[in-house]
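Asks: Here you go, this is start_18.csv (CSV, C-alpha atoms and all ligand atoms).
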chain,number,residue,atom,x,y,z
A,8,MET,CA,8.7,28.2,6.3
A,9,GLN,CA,10.4,27.2,3.0
A,10,LEU,CA,9.7,28.2,-0.6
A,11,LEU,CA,10.2,26.0,-3.6
A,12,GLY,CA,10.7,28.2,-6.7
A,13,ASN,CA,10.7,27.4,-10.4
A,14,ALA,CA,8.8,24.2,-9.8
A,15,LYS,CA,6.6,22.4,-12.4
A,16,LEU,CA,3.8,20.9,-10.3
A,17,ALA,CA,1.9,17.7,-11.3
A,18,VAL,CA,-1.8,18.4,-11.2
A,19,ILE,CA,-4.6,16.0,-12.0
A,20,ASP,CA,-7.6,17.1,-14.0
A,21,GLY,CA,-10.6,16.0,-11.9
A,22,LYS,CA,-12.7,15.1,-14.9
A,23,SER,CA,-10.3,13.4,-17.3
A,24,GLY,CA,-8.0,12.0,-14.5
A,25,HIS,CA,-5.2,13.2,-16.7
A,26,TYR,CA,-2.1,14.7,-15.2
A,27,THR,CA,-0.5,17.8,-16.5
A,28,VAL,CA,2.4,19.9,-15.1
A,29,THR,CA,2.1,23.6,-14.5
A,30,ASP,CA,4.4,26.3,-15.8
A,31,PRO,CA,7.2,27.0,-13.3
A,32,SER,CA,5.5,28.0,-10.1
A,33,THR,CA,6.3,28.8,-6.5
A,34,LEU,CA,5.1,26.6,-3.7
A,35,VAL,CA,5.2,27.7,0.0
A,36,MET,CA,5.5,25.2,2.8
A,37,GLU,CA,4.7,26.3,6.3
A,38,GLY,CA,4.1,24.1,9.4
A,39,GLY,CA,4.5,20.9,7.4
A,40,ARG,CA,1.6,22.0,5.1
A,41,ILE,CA,1.3,23.5,1.6
A,42,ALA,CA,0.5,27.2,2.4
A,43,TRP,CA,0.4,28.8,-1.0
A,44,ILE,CA,0.9,27.9,-4.7
A,45,GLY,CA,1.1,30.3,-7.6
A,46,ASP,CA,3.2,32.5,-9.9
A,47,ALA,CA,6.3,33.9,-8.3
A,48,ALA,CA,5.2,37.4,-9.3
A,49,ALA,CA,2.0,37.1,-7.2
A,50,LEU,CA,3.8,35.8,-4.1
A,51,PRO,CA,2.1,37.4,-1.0
A,52,LYS,CA,4.4,39.7,0.9
A,53,ARG,CA,4.2,37.7,4.1
A,54,PHE,CA,6.2,34.9,2.4
A,55,ALA,CA,8.8,37.1,0.7
A,56,ALA,CA,11.5,36.8,3.4
A,57,ALA,CA,11.4,33.0,3.6
A,58,PRO,CA,14.3,31.0,2.1
A,59,CYS,CA,13.6,29.8,-1.4
A,60,ARG,CA,15.1,26.7,-3.0
A,61,ASP,CA,15.1,27.1,-6.9
A,62,LEU,CA,14.2,23.7,-8.4
A,63,GLY,CA,15.5,24.6,-11.8
A,64,GLY,CA,12.2,23.8,-13.6
A,65,ARG,CA,12.1,20.3,-12.2
A,66,ILE,CA,8.8,18.4,-12.0
A,67,VAL,CA,7.2,17.9,-8.6
A,68,THR,CA,4.6,15.3,-7.7
A,69,PRO,CA,2.9,14.5,-4.4
A,70,GLY,CA,5.0,12.1,-2.3
A,71,LEU,CA,4.3,8.5,-3.4
A,72,ILE,CA,2.2,6.3,-1.2
A,73,ASP,CA,2.5,2.5,-0.9
A,74,CYS,CA,-1.0,1.6,0.3
A,75,HIS,CA,-0.7,-2.2,0.6
A,76,SER,CA,2.4,-3.8,2.1
A,77,HIS,CA,3.4,-6.8,4.3
A,78,ILE,CA,6.9,-5.3,4.7
A,79,VAL,CA,7.5,-6.6,8.3
A,80,PHE,CA,8.2,-10.3,8.3
A,81,GLY,CA,10.7,-12.9,9.4
A,82,GLY,CA,12.8,-15.0,7.1
A,83,ASP,CA,12.4,-15.2,3.3
A,84,ARG,CA,10.8,-17.6,0.8
A,85,ALA,CA,13.6,-17.9,-1.9
A,86,ARG,CA,13.3,-21.7,-1.7
A,87,GLU,CA,9.6,-21.5,-2.5
A,88,PHE,CA,10.5,-19.2,-5.4
A,89,GLU,CA,12.6,-22.1,-6.6
A,90,MET,CA,9.8,-24.6,-6.0
A,91,ARG,CA,7.4,-22.5,-8.1
A,92,LEU,CA,10.1,-22.5,-10.9
A,93,GLU,CA,10.1,-26.3,-10.5
A,94,GLY,CA,6.4,-26.3,-11.2
A,95,ALA,CA,4.6,-26.1,-7.8
A,96,GLY,CA,1.6,-23.7,-7.8
A,97,TYR,CA,1.0,-21.0,-5.2
A,98,GLU,CA,-2.1,-22.7,-3.7
A,99,GLU,CA,-0.3,-26.1,-3.7
A,100,ILE,CA,2.5,-24.6,-1.8
A,101,ALA,CA,0.1,-23.0,0.7
A,102,ARG,CA,-1.9,-26.2,1.2
A,103,ALA,CA,1.4,-28.1,1.8
A,104,GLY,CA,2.0,-25.9,4.8
A,105,GLY,CA,4.4,-23.6,3.0
A,106,GLY,CA,3.6,-20.1,1.9
A,107,ILE,CA,2.2,-17.8,4.5
A,108,LEU,CA,2.7,-20.4,7.3
A,109,SER,CA,6.4,-20.8,6.7
A,110,THR,CA,6.8,-17.0,7.1
A,111,VAL,CA,4.7,-17.3,10.3
A,112,LYS,CA,7.2,-19.7,11.8
A,113,HIS,CA,10.1,-17.2,11.2
A,114,THR,CA,8.1,-14.2,12.3
A,115,ARG,CA,7.0,-15.9,15.6
A,116,GLU,CA,10.7,-16.7,16.3
A,117,ALA,CA,12.0,-13.2,15.5
A,118,ASP,CA,12.2,-10.5,18.2
A,119,GLU,CA,11.1,-6.9,17.5
A,120,ALA,CA,14.6,-5.6,16.9
A,121,SER,CA,15.4,-8.2,14.2
A,122,LEU,CA,12.0,-7.7,12.5
A,123,LEU,CA,12.7,-3.9,12.5
A,124,ALA,CA,16.3,-4.5,11.2
A,125,SER,CA,15.1,-6.7,8.4
A,126,ALA,CA,12.3,-4.4,7.4
A,127,LEU,CA,14.2,-1.1,7.3
A,128,PRO,CA,16.3,-1.8,4.1
A,129,ARG,CA,13.0,-2.6,2.3
A,130,VAL,CA,11.5,0.6,3.6
A,131,ASP,CA,14.6,2.6,2.7
A,132,ALA,CA,14.3,1.3,-0.9
A,133,LEU,CA,10.8,2.8,-1.0
A,134,LEU,CA,11.8,6.1,0.5
A,135,ALA,CA,14.6,6.4,-2.0
A,136,GLU,CA,11.9,6.5,-4.7
A,137,GLY,CA,10.0,9.3,-3.0
A,138,VAL,CA,7.6,7.4,-0.8
A,139,THR,CA,6.2,9.5,2.0
A,140,ALA,CA,3.4,7.2,3.4
A,141,LEU,CA,3.3,3.5,3.8
A,142,GLU,CA,0.7,1.0,4.9
A,143,ILE,CA,2.0,-2.0,6.8
A,144,LYS,CA,-0.1,-5.1,7.7
A,145,SER,CA,0.2,-7.7,10.4
A,146,GLY,CA,-0.7,-11.3,9.3
A,147,TYR,CA,2.4,-13.3,9.8
A,148,GLY,CA,1.9,-14.0,13.5
A,149,LEU,CA,-1.5,-15.6,13.6
A,150,ASP,CA,-1.3,-15.4,17.4
A,151,ILE,CA,-2.1,-12.3,19.4
A,152,GLU,CA,1.3,-11.6,20.7
A,153,THR,CA,3.1,-11.9,17.4
A,154,GLU,CA,0.4,-9.9,15.5
A,155,MET,CA,0.8,-7.1,18.0
A,156,LYS,CA,4.6,-7.5,17.8
A,157,MET,CA,4.4,-6.9,14.1
A,158,LEU,CA,2.3,-3.8,14.4
A,159,ARG,CA,4.6,-2.4,17.2
A,160,VAL,CA,7.5,-2.8,14.7
A,161,ALA,CA,5.4,-1.0,12.0
A,162,ARG,CA,4.9,1.9,14.4
A,163,ARG,CA,8.6,2.0,15.2
A,164,ILE,CA,9.4,2.3,11.5
A,165,GLY,CA,7.5,5.6,11.6
A,166,GLN,CA,9.7,6.8,14.4
A,167,GLU,CA,13.0,5.6,12.8
A,168,ARG,CA,12.3,7.0,9.4
A,169,ARG,CA,10.6,10.2,8.1
A,170,VAL,CA,7.6,8.4,6.6
A,171,SER,CA,3.9,8.2,7.7
A,172,ILE,CA,2.8,4.7,8.7
A,173,ARG,CA,-0.7,3.3,8.6
A,174,THR,CA,-1.1,-0.1,10.3
A,175,THR,CA,-3.6,-2.8,9.4
A,176,TRP,CA,-4.7,-5.8,11.5
A,177,LEU,CA,-4.6,-8.8,9.2
A,178,ALA,CA,-4.8,-11.7,11.6
A,179,ALA,CA,-7.5,-13.1,9.2
A,180,HIS,CA,-4.7,-13.9,6.8
A,181,ALA,CA,-4.4,-17.6,7.2
A,182,LEU,CA,-5.4,-20.4,9.7
A,183,PRO,CA,-2.5,-21.4,11.9
A,184,PRO,CA,-1.8,-25.1,12.4
A,185,GLU,CA,-2.9,-25.1,16.0
A,186,TYR,CA,-6.4,-24.0,14.9
A,187,SER,CA,-6.6,-26.2,11.8
A,188,ASP,CA,-9.8,-27.9,13.0
A,189,ASP,CA,-11.2,-24.9,14.9
A,190,ARG,CA,-11.8,-22.0,12.5
A,191,ALA,CA,-14.5,-20.4,14.7
A,192,GLY,CA,-12.1,-20.6,17.6
A,193,TYR,CA,-9.4,-18.9,15.7
A,194,LEU,CA,-11.7,-16.1,14.6
A,195,ARG,CA,-13.0,-15.7,18.2
A,196,ASP,CA,-9.9,-16.1,20.3
A,197,VAL,CA,-7.2,-14.6,18.1
A,198,VAL,CA,-8.6,-12.4,15.3
A,199,ILE,CA,-11.3,-10.7,17.3
A,200,LYS,CA,-9.9,-10.8,20.8
A,201,GLY,CA,-6.5,-9.7,19.4
A,202,MET,CA,-8.2,-6.9,17.5
A,203,ASP,CA,-9.6,-5.6,20.8
A,204,ARG,CA,-6.1,-5.8,22.5
A,205,ALA,CA,-4.2,-4.2,19.7
A,206,HIS,CA,-6.8,-1.5,19.2
A,207,ALA,CA,-6.6,-0.7,23.0
A,208,GLU,CA,-2.8,-0.3,22.5
A,209,GLY,CA,-3.4,2.1,19.6
A,210,LEU,CA,-1.7,-0.3,17.1
A,211,ILE,CA,-4.5,-0.5,14.5
A,212,ASP,CA,-5.6,2.1,11.9
A,213,ALA,CA,-7.6,-0.4,9.7
A,214,VAL,CA,-8.7,-4.1,9.6
A,215,ASP,CA,-8.1,-6.4,6.6
A,216,GLY,CA,-8.7,-10.1,5.7
A,217,PHE,CA,-7.9,-12.6,3.0
A,218,CYS,CA,-11.1,-13.8,1.4
A,219,GLU,CA,-10.1,-16.8,-0.6
A,220,GLY,CA,-10.5,-20.6,-0.9
A,221,ILE,CA,-7.1,-21.1,0.9
A,222,ALA,CA,-8.0,-18.5,3.6
A,223,PHE,CA,-11.4,-17.3,4.9
A,224,THR,CA,-15.0,-17.3,3.6
A,225,GLN,CA,-17.1,-14.2,3.0
A,226,GLY,CA,-19.1,-15.1,6.1
A,227,GLU,CA,-16.0,-15.4,8.3
A,228,ILE,CA,-14.7,-12.1,7.0
A,229,ALA,CA,-18.0,-10.4,7.7
A,230,GLN,CA,-17.7,-11.4,11.3
A,231,VAL,CA,-14.3,-9.7,11.5
A,232,PHE,CA,-15.6,-6.6,9.7
A,233,ASP,CA,-18.7,-6.4,12.0
A,234,HIS,CA,-16.3,-6.4,15.0
A,235,ALA,CA,-14.1,-3.7,13.4
A,236,ALA,CA,-17.2,-1.6,12.9
A,237,ARG,CA,-18.0,-1.9,16.6
A,238,LEU,CA,-14.5,-0.5,17.3
A,239,GLY,CA,-14.9,2.2,14.8
A,240,LEU,CA,-12.1,0.9,12.6
A,241,PRO,CA,-12.2,1.1,8.8
A,242,VAL,CA,-11.8,-2.1,6.8
A,243,LYS,CA,-10.2,-3.3,3.5
A,244,LEU,CA,-10.0,-6.7,2.0
A,245,HIS,CA,-7.7,-9.0,-0.1
A,246,ALA,CA,-10.4,-10.1,-2.5
A,247,GLU,CA,-10.9,-12.0,-5.8
A,248,GLN,CA,-7.1,-12.7,-6.0
A,249,LEU,CA,-7.4,-16.4,-7.1
A,250,SER,CA,-11.2,-16.8,-7.5
A,251,ASP,CA,-14.5,-14.9,-7.3
A,252,LEU,CA,-15.9,-15.4,-3.8
A,253,GLY,CA,-17.8,-12.1,-3.8
A,254,GLY,CA,-15.4,-10.7,-1.3
A,255,ALA,CA,-15.1,-7.2,-2.9
A,256,ALA,CA,-18.9,-6.8,-3.0
A,257,MET,CA,-19.1,-7.8,0.7
A,258,ALA,CA,-16.3,-5.4,1.6
A,259,ALA,CA,-18.0,-2.6,-0.4
A,260,LYS,CA,-21.2,-3.2,1.5
A,261,HIS,CA,-19.2,-2.8,4.7
A,262,GLY,CA,-18.0,0.6,3.4
A,263,ALA,CA,-14.5,-0.7,2.9
A,264,LEU,CA,-11.7,1.8,2.1
A,265,SER,CA,-10.4,-0.6,-0.5
A,266,ALA,CA,-10.6,-4.1,-2.0
A,267,ASP,CA,-7.3,-5.4,-3.2
A,268,HIS,CA,-5.9,-7.7,-5.8
A,269,LEU,CA,-9.2,-8.2,-7.8
A,270,GLU,CA,-7.9,-10.3,-10.7
A,271,TYR,CA,-11.2,-12.3,-10.6
A,272,LEU,CA,-13.5,-9.3,-9.8
A,273,GLY,CA,-16.8,-9.5,-11.6
A,274,ALA,CA,-19.6,-7.0,-12.4
A,275,ASP,CA,-21.4,-7.4,-9.0
A,276,GLY,CA,-18.2,-6.4,-7.2
A,277,ILE,CA,-17.5,-3.5,-9.5
A,278,GLY,CA,-21.0,-2.2,-9.1
A,279,ALA,CA,-20.8,-2.4,-5.3
A,280,MET,CA,-17.4,-0.7,-5.2
A,281,ALA,CA,-18.6,2.1,-7.5
A,282,ALA,CA,-21.6,2.6,-5.2
A,283,SER,CA,-19.6,2.7,-2.0
A,284,GLY,CA,-16.5,4.6,-3.2
A,285,THR,CA,-14.3,1.7,-2.4
A,286,VAL,CA,-10.9,2.0,-4.0
A,287,ALA,CA,-9.6,-0.9,-6.2
A,288,VAL,CA,-6.0,-1.5,-5.2
A,289,LEU,CA,-4.3,-3.4,-7.9
A,290,LEU,CA,-1.1,-5.4,-7.1
A,291,PRO,CA,0.9,-6.2,-10.3
A,292,GLY,CA,3.8,-7.5,-8.3
A,293,ALA,CA,1.7,-10.5,-7.1
A,294,PHE,CA,0.2,-11.0,-10.6
A,295,TYR,CA,3.7,-11.0,-12.0
A,296,THR,CA,5.3,-13.2,-9.4
A,297,LEU,CA,2.6,-15.8,-9.4
A,298,ARG,CA,2.5,-15.7,-13.3
A,299,GLU,CA,-1.2,-15.1,-13.0
A,300,THR,CA,-3.1,-15.0,-16.4
A,301,GLN,CA,-6.4,-13.5,-15.3
A,302,LEU,CA,-6.1,-9.7,-15.7
A,303,PRO,CA,-8.0,-7.5,-13.3
A,304,PRO,CA,-10.9,-5.8,-15.1
A,305,VAL,CA,-9.2,-2.4,-15.6
A,306,GLN,CA,-11.5,-1.2,-18.4
A,307,ALA,CA,-14.6,-2.2,-16.5
A,308,LEU,CA,-13.3,-0.4,-13.4
A,309,ARG,CA,-12.6,2.7,-15.6
A,310,ASP,CA,-16.1,2.6,-17.1
A,311,ALA,CA,-17.6,2.3,-13.6
A,312,GLY,CA,-15.5,5.2,-12.3
A,313,VAL,CA,-13.9,3.1,-9.5
A,314,PRO,CA,-10.6,4.8,-8.5
A,315,MET,CA,-7.7,2.5,-9.0
A,316,ALA,CA,-4.7,2.5,-6.7
A,317,LEU,CA,-1.4,0.6,-7.1
A,318,ALA,CA,0.9,-0.9,-4.4
A,319,THR,CA,3.9,-3.2,-4.0
A,320,ASP,CA,2.1,-5.8,-1.8
A,321,CYS,CA,5.7,-6.2,-0.5
A,322,ASN,CA,5.7,-9.7,1.0
A,323,PRO,CA,8.1,-12.6,1.0
A,324,GLY,CA,5.9,-15.0,-1.0
A,325,SER,CA,3.7,-13.6,-3.7
A,326,SER,CA,5.3,-10.2,-4.2
A,327,PRO,CA,8.9,-9.7,-3.0
A,328,LEU,CA,8.8,-6.2,-4.5
A,329,SER,CA,10.1,-3.1,-2.8
A,330,SER,CA,9.8,-0.6,-5.7
A,331,LEU,CA,6.7,1.5,-6.3
A,332,LEU,CA,8.2,2.8,-9.6
A,333,LEU,CA,8.6,-0.8,-10.9
A,334,THR,CA,5.0,-1.4,-9.7
A,335,MET,CA,3.9,1.5,-11.9
A,336,ASN,CA,5.8,0.1,-14.9
A,337,MET,CA,4.2,-3.3,-14.3
A,338,ALA,CA,0.7,-1.8,-14.1
A,339,ALA,CA,1.3,0.0,-17.4
A,340,THR,CA,2.8,-2.9,-19.3
A,341,LEU,CA,0.8,-5.8,-17.8
A,342,PHE,CA,-2.5,-4.1,-16.9
A,343,ARG,CA,-2.4,-1.4,-19.7
A,344,MET,CA,-3.0,1.4,-17.2
A,345,THR,CA,-2.0,4.8,-18.6
A,346,PRO,CA,0.9,6.8,-17.0
A,347,SER,CA,-1.6,9.2,-15.5
A,348,GLU,CA,-3.6,6.3,-14.0
A,349,CYS,CA,-0.4,4.9,-12.6
A,350,LEU,CA,0.6,8.2,-11.0
A,351,ALA,CA,-2.8,8.7,-9.5
A,352,GLY,CA,-2.6,5.1,-8.3
A,353,VAL,CA,0.4,5.8,-6.1
A,354,THR,CA,-0.7,9.3,-5.0
A,355,ALA,CA,-4.3,10.5,-4.9
A,356,HIS,CA,-6.0,7.1,-5.1
A,357,ALA,CA,-3.5,5.4,-2.8
A,358,ALA,CA,-4.2,8.1,-0.1
A,359,ARG,CA,-7.9,7.3,-0.4
A,360,ALA,CA,-7.2,3.6,0.0
A,361,ILE,CA,-5.7,4.2,3.4
A,362,GLY,CA,-8.0,6.9,4.6
A,363,MET,CA,-5.4,9.7,4.4
A,364,GLY,CA,-7.4,12.5,2.8
A,365,ASP,CA,-4.8,15.3,3.5
A,366,ARG,CA,-2.2,14.0,1.0
A,367,GLY,CA,-1.7,12.5,-2.4
A,368,VAL,CA,-2.7,15.7,-4.1
A,369,ILE,CA,-0.6,19.0,-4.4
A,370,ALA,CA,-3.1,21.4,-2.9
A,371,VAL,CA,-3.1,24.2,-0.3
A,372,GLY,CA,-3.8,22.8,3.1
A,373,ASN,CA,-2.5,19.3,2.3
A,374,ARG,CA,0.6,17.9,3.9
A,375,ALA,CA,3.8,19.1,2.2
A,376,ASP,CA,4.8,15.6,1.2
A,377,LEU,CA,6.4,15.9,-2.2
A,378,ALA,CA,8.8,14.2,-4.6
A,379,ILE,CA,11.0,16.2,-6.9
A,380,TRP,CA,12.1,14.4,-10.1
A,381,ASP,CA,14.8,14.7,-12.8
A,382,ILE,CA,12.4,13.9,-15.6
A,383,THR,CA,11.0,15.9,-18.5
A,384,HIS,CA,7.7,14.0,-18.8
A,385,LEU,CA,5.6,12.4,-16.1
A,386,ALA,CA,5.2,9.3,-18.2
A,387,GLU,CA,8.9,8.5,-17.4
A,388,LEU,CA,7.8,7.5,-13.9
A,389,SER,CA,6.0,4.4,-15.3
A,390,TYR,CA,7.9,4.0,-18.6
A,391,ARG,CA,11.3,3.2,-17.2
A,392,ILE,CA,12.2,-0.2,-15.8
A,393,GLY,CA,14.5,-0.3,-12.8
A,394,PHE,CA,15.6,3.4,-13.0
A,395,ASN,CA,15.0,5.9,-10.2
A,396,PRO,CA,15.0,9.5,-11.3
A,397,LEU,CA,14.2,11.0,-7.9
A,398,HIS,CA,16.0,14.3,-7.2
A,399,ALA,CA,14.8,14.9,-3.7
A,400,ARG,CA,12.0,13.9,-1.2
A,401,ILE,CA,10.2,16.3,1.0
A,402,TYR,CA,8.4,15.0,4.1
A,403,GLY,CA,6.2,17.4,6.2
A,404,GLY,CA,7.7,20.4,4.5
A,405,GLU,CA,11.3,19.5,5.0
A,406,PHE,CA,13.9,18.0,2.7
A,407,ALA,CA,14.2,14.4,3.9
B,501,LIG,O1,2.6,-15.5,0.4
B,501,LIG,C1,2.5,-14.7,1.4
B,501,LIG,O2,3.3,-14.7,2.3
B,501,LIG,C2,1.4,-13.6,1.4
B,501,LIG,C3,0.6,-13.7,0.1
B,501,LIG,C4,-0.3,-12.5,0.1
B,501,LIG,N1,-1.3,-12.6,1.1
B,501,LIG,C5,-2.5,-12.6,0.6
B,501,LIG,O3,-3.5,-12.6,1.2
B,501,LIG,N2,-2.4,-12.6,-0.8
B,501,LIG,C6,-1.2,-12.6,-1.2
B,501,LIG,O4,-0.8,-12.6,-2.3
B,502,FE,FE,-1.3,-8.5,0.4
Let me see the file written as structure tokens.
Ligand SMILES: O=C(O)CC[C@@H]1NC(=O)NC1=O
Ligand SMILES: [Fe+3]
Replies:
Amino acid sequence: MQLLGNAKLAVIDGKSGHYTVTDPSTLVMEGGRIAWIGDAAALPKRFAAAPCRDLGGRIVTPGLIDCHSHIVFGGDRAREFEMRLEGAGYEEIARAGGGILSTVKHTREADEASLLASALPRVDALLAEGVTALEIKSGYGLDIETEMKMLRVARRIGQERRVSIRTTWLAAHALPPEYSDDRAGYLRDVVIKGMDRAHAEGLIDAVDGFCEGIAFTQGEIAQVFDHAARLGLPVKLHAEQLSDLGGAAMAAKHGALSADHLEYLGADGIGAMAASGTVAVLLPGAFYTLRETQLPPVQALRDAGVPMALATDCNPGSSPLSSLLLTMNMAATLFRMTPSECLAGVTAHAARAIGMGDRGVIAVGNRADLAIWDITHLAELSYRIGFNPLHARIYGGEFA
């Protein structure tokens, strides 16, 4: 058992969605959970003998959650970064066999140990900013063995570091060259058969797909989602990133945890997401890297009451970003989200986007995953560019 004293706790107002910080309070952590919150003077006797760490009036938020990442991959795409600067477009690079497929080649060639070794520095950068939960997708194998290899590495990250990992099966990310003229065969023999095998090995927490002109159609993704439902797996979708194919609406109708990217999301998709409670995961790192000009419909999502989450989308092509604080700053400056919305986007709403209902909010009974900051105002977390004011990270009730 551990007490945190003199702590200003970030609490969200359910109605306004606005964050405030409490007066200096005491928070009790027991068995990895938040056991009690209140004024020191009212501390129950049963907690009185427990060690107490005085936080000196520092602000405490829930541990940050990165709810959308491709952080396990082989190689890098610096050369393509250069190509884009020389005028090539993202879709042009993808159609020329670059993009995702060039990372596939490197990921297939890499063994588990080297994939783990190359991912850990990126994960450590996130943990240094107070991240306590991280979603990691497959999607750079596009064959069963490599897709499973990626998710085994994702699971090992959760053993090597004090962070909770949620894994996502994203074999429906791109069509590999060996199936270029057999889309149905790829979906049947790799995406769906591989999902069965990976699920049987306990490697999958959710299933995702890329619904886009350069990837898979609504109908193809629906097949994948129907199979996920048969296995009892929740779904999420890369949707409306480069065009409006109605992916978000289809995902919402499948009860998706989230629809992600959403620059080209229209009224039908927004309505379907509001009706199903599907979280809108916005990815400003990809918007920024690809120099996208179509903004996601933040005001329409606000008006419809669709919860908005934020994530790094950490991947070697469209979002080589390993900072959730910078993600928050981008969302504020580029998408005009408020500091409160940005904080909710990487805590409460991010937890919903990966189906982890017991975190992302400081409340009794929730996991004691917390971030302690050297800031005087919560807005500093999205205001600053490239500065990390983290004082300490608490994972499962222990200083990590
Ligand atoms: O470029 C890559 O490697 C992944 C790009 C990433 N995947 C996806 O479905 N959309 C993206 O932006
Ligand atoms: Fe992504």
Asks: What separation in Å, quoted to one decimal, exists between CA of Ile151 in chain A and CA of Leu177 in chain A?
Replies: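 Computed distance, CA of Ile151 in chain A to CA of Leu177 in chain A, equals 11.1 Å.
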Asks: Could you name the residues that touch range 378-386 of chain A at 8 Å or less, counting only C-alpha atoms, but leaving out those on the same chain fewer than 5 positions away, as an mmCIF file with C-alpha atoms, in the coordinates of the input?
Replies:
data_model
loop_
_atom_site.group_PDB
_atom_site.id
_atom_site.type_symbol
_atom_site.label_atom_id
_atom_site.label_comp_id
_atom_site.auth_asym_id
_atom_site.auth_seq_id
_atom_site.Cartn_x
_atom_site.Cartn_y
_atom_site.Cartn_z
ATOM 1 C CA ARG A 65 12.100 20.300 -12.200
ATOM 2 C CA ILE A 66 8.800 18.400 -12.000
ATOM 3 C CA VAL A 67 7.200 17.900 -8.600
ATOM 4 C CA THR A 68 4.600 15.300 -7.700
ATOM 5 C CA PRO A 69 2.900 14.500 -4.400
ATOM 6 C CA GLY A 70 5.000 12.100 -2.300
ATOM 7 C CA LEU A 71 4.300 8.500 -3.400
ATOM 8 C CA GLY A 137 10.000 9.300 -3.000
ATOM 9 C CA VAL A 138 7.600 7.400 -0.800
ATOM 10 C CA PRO A 346 0.900 6.800 -17.000
ATOM 11 C CA SER A 347 -1.600 9.200 -15.500
ATOM 12 C CA PRO A 396 15.000 9.500 -11.300
ATOM 13 C CA LEU A 397 14.200 11.000 -7.900
ATOM 14 C CA HIS A 398 16.000 14.300 -7.200
ATOM 15 C CA ALA A 399 14.800 14.900 -3.700
ATOM 16 C CA ARG A 400 12.000 13.900 -1.200
ATOM 17 C CA ILE A 401 10.200 16.300 1.000
#
Asks: Name each residue within 9 Å of ligand LIG 501 (chain B), counting only C-alpha atoms and all ligand atoms, as number ranges by chain.
Replies: A: 77, 80, 84, 97, 101, 105-111, 146-147, 177, 179-181, 216-219, 222, 244-246, 248-249, 268, 290, 293-294, 297, 320-326
Asks: Let me make sure I understand: among A:Leu133, A:Val197, A:Leu62, A:Leu10, which one has the smallest atom-to-atom distance to Ile44 in chain A if we use only C-alpha atoms?
Replies: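 Between A:Leu133, A:Val197, A:Leu62, A:Leu10, the residue approaching Ile44 in chain A most closely is A:Leu10.
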Asks: CA of Ala282 in chain A and CA of Leu264 in chain A are how many Å apart?
Replies: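 Taking CA of Ala282 in chain A as the start and CA of Leu264 in chain A as the end point, the length is 12.3 Å.
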Asks: Of the residues A:Gly209, A:Pro58, A:Pro31, A:Gly292, which is the one nearest to ligand FE 502 (chain B), using all atoms listed in the file?
Replies: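 Of all the options, A:Gly292 lies closest to ligand FE 502 (chain B).
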Asks: One decimal, Å: what's the distance from CA of Ala42 in chain A over to CA of Ala57 in chain A, could you say?
Replies: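 About the pair CA of Ala42 in chain A and CA of Ala57 in chain A: they are 12.4 Å apart.
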Asks: Which residue is closest to ligand FE 502 (chain B)? Choose from A:Ala132, A:Ile72, A:Leu269, A:Ile228 and count only C-alpha atoms and all ligand atoms.
Replies: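 Of A:Ala132, A:Ile72, A:Leu269, A:Ile228, the one nearest ligand FE 502 (chain B), counting only C-alpha atoms and all ligand atoms, is A:Leu269.
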Asks: Let me make sure I understand: among A:Leu210, A:Pro183, A:Asp131, A:Asp233, which one has the smallest atom-to-atom distance to Arg159 in chain A if we use all atoms listed in the file?
Replies: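 Under the stated criterion, the closest residue is A:Leu210.
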Asks: Which residues, written as a PyMOL selection string, have at least one atom at most 9 Å from Ser125 in chain A, with all atoms listed in the file counted and residues fewer than 5 positions away on the same chain left out?
Replies: chain A and resi 79-82+120
Asks: Could you pull the residues within 6 Å of range 362-374 of chain A, counting all atoms listed in the file, minus those fewer than 4 positions along the same chain, as a PyMOL selection string?
Replies: chain A and resi 40-43+69+354-355+358
Asks: Will you model N, CA, C and O atoms for range 17-22 of chain A and pass it back as an mmCIF file, keeping the file's coordinate frame?
Replies:
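part.cif, written as the output of this step:
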data_model
loop_
_atom_site.group_PDB
_atom_site.id
_atom_site.type_symbol
_atom_site.label_atom_id
_atom_site.label_comp_id
_atom_site.auth_asym_id
_atom_site.auth_seq_id
_atom_site.Cartn_x
_atom_site.Cartn_y
_atom_site.Cartn_z
ATOM 1 N N ALA A 17 2.828 18.746 -10.704
ATOM 2 C CA ALA A 17 1.900 17.700 -11.300
ATOM 3 C C ALA A 17 0.553 17.904 -10.755
ATOM 4 O O ALA A 17 0.351 17.734 -9.548
ATOM 5 N N VAL A 18 -0.399 18.256 -11.617
ATOM 6 C CA VAL A 18 -1.800 18.400 -11.200
ATOM 7 C C VAL A 18 -2.685 17.517 -11.965
ATOM 8 O O VAL A 18 -2.484 17.323 -13.164
ATOM 9 N N ILE A 19 -3.679 16.940 -11.275
ATOM 10 C CA ILE A 19 -4.600 16.000 -12.000
ATOM 11 C C ILE A 19 -5.865 16.727 -12.332
ATOM 12 O O ILE A 19 -6.393 17.514 -11.558
ATOM 13 N N ASP A 20 -6.347 16.463 -13.553
ATOM 14 C CA ASP A 20 -7.600 17.100 -14.000
ATOM 15 C C ASP A 20 -8.742 16.187 -13.401
ATOM 16 O O ASP A 20 -8.797 14.980 -13.677
ATOM 17 N N GLY A 21 -9.564 16.776 -12.568
ATOM 18 C CA GLY A 21 -10.600 16.000 -11.900
ATOM 19 C C GLY A 21 -11.494 15.194 -12.804
ATOM 20 O O GLY A 21 -11.841 14.062 -12.505
ATOM 21 N N LYS A 22 -11.785 15.757 -13.976
ATOM 22 C CA LYS A 22 -12.700 15.100 -14.900
ATOM 23 C C LYS A 22 -12.009 13.942 -15.654
ATOM 24 O O LYS A 22 -12.349 12.780 -15.562
#
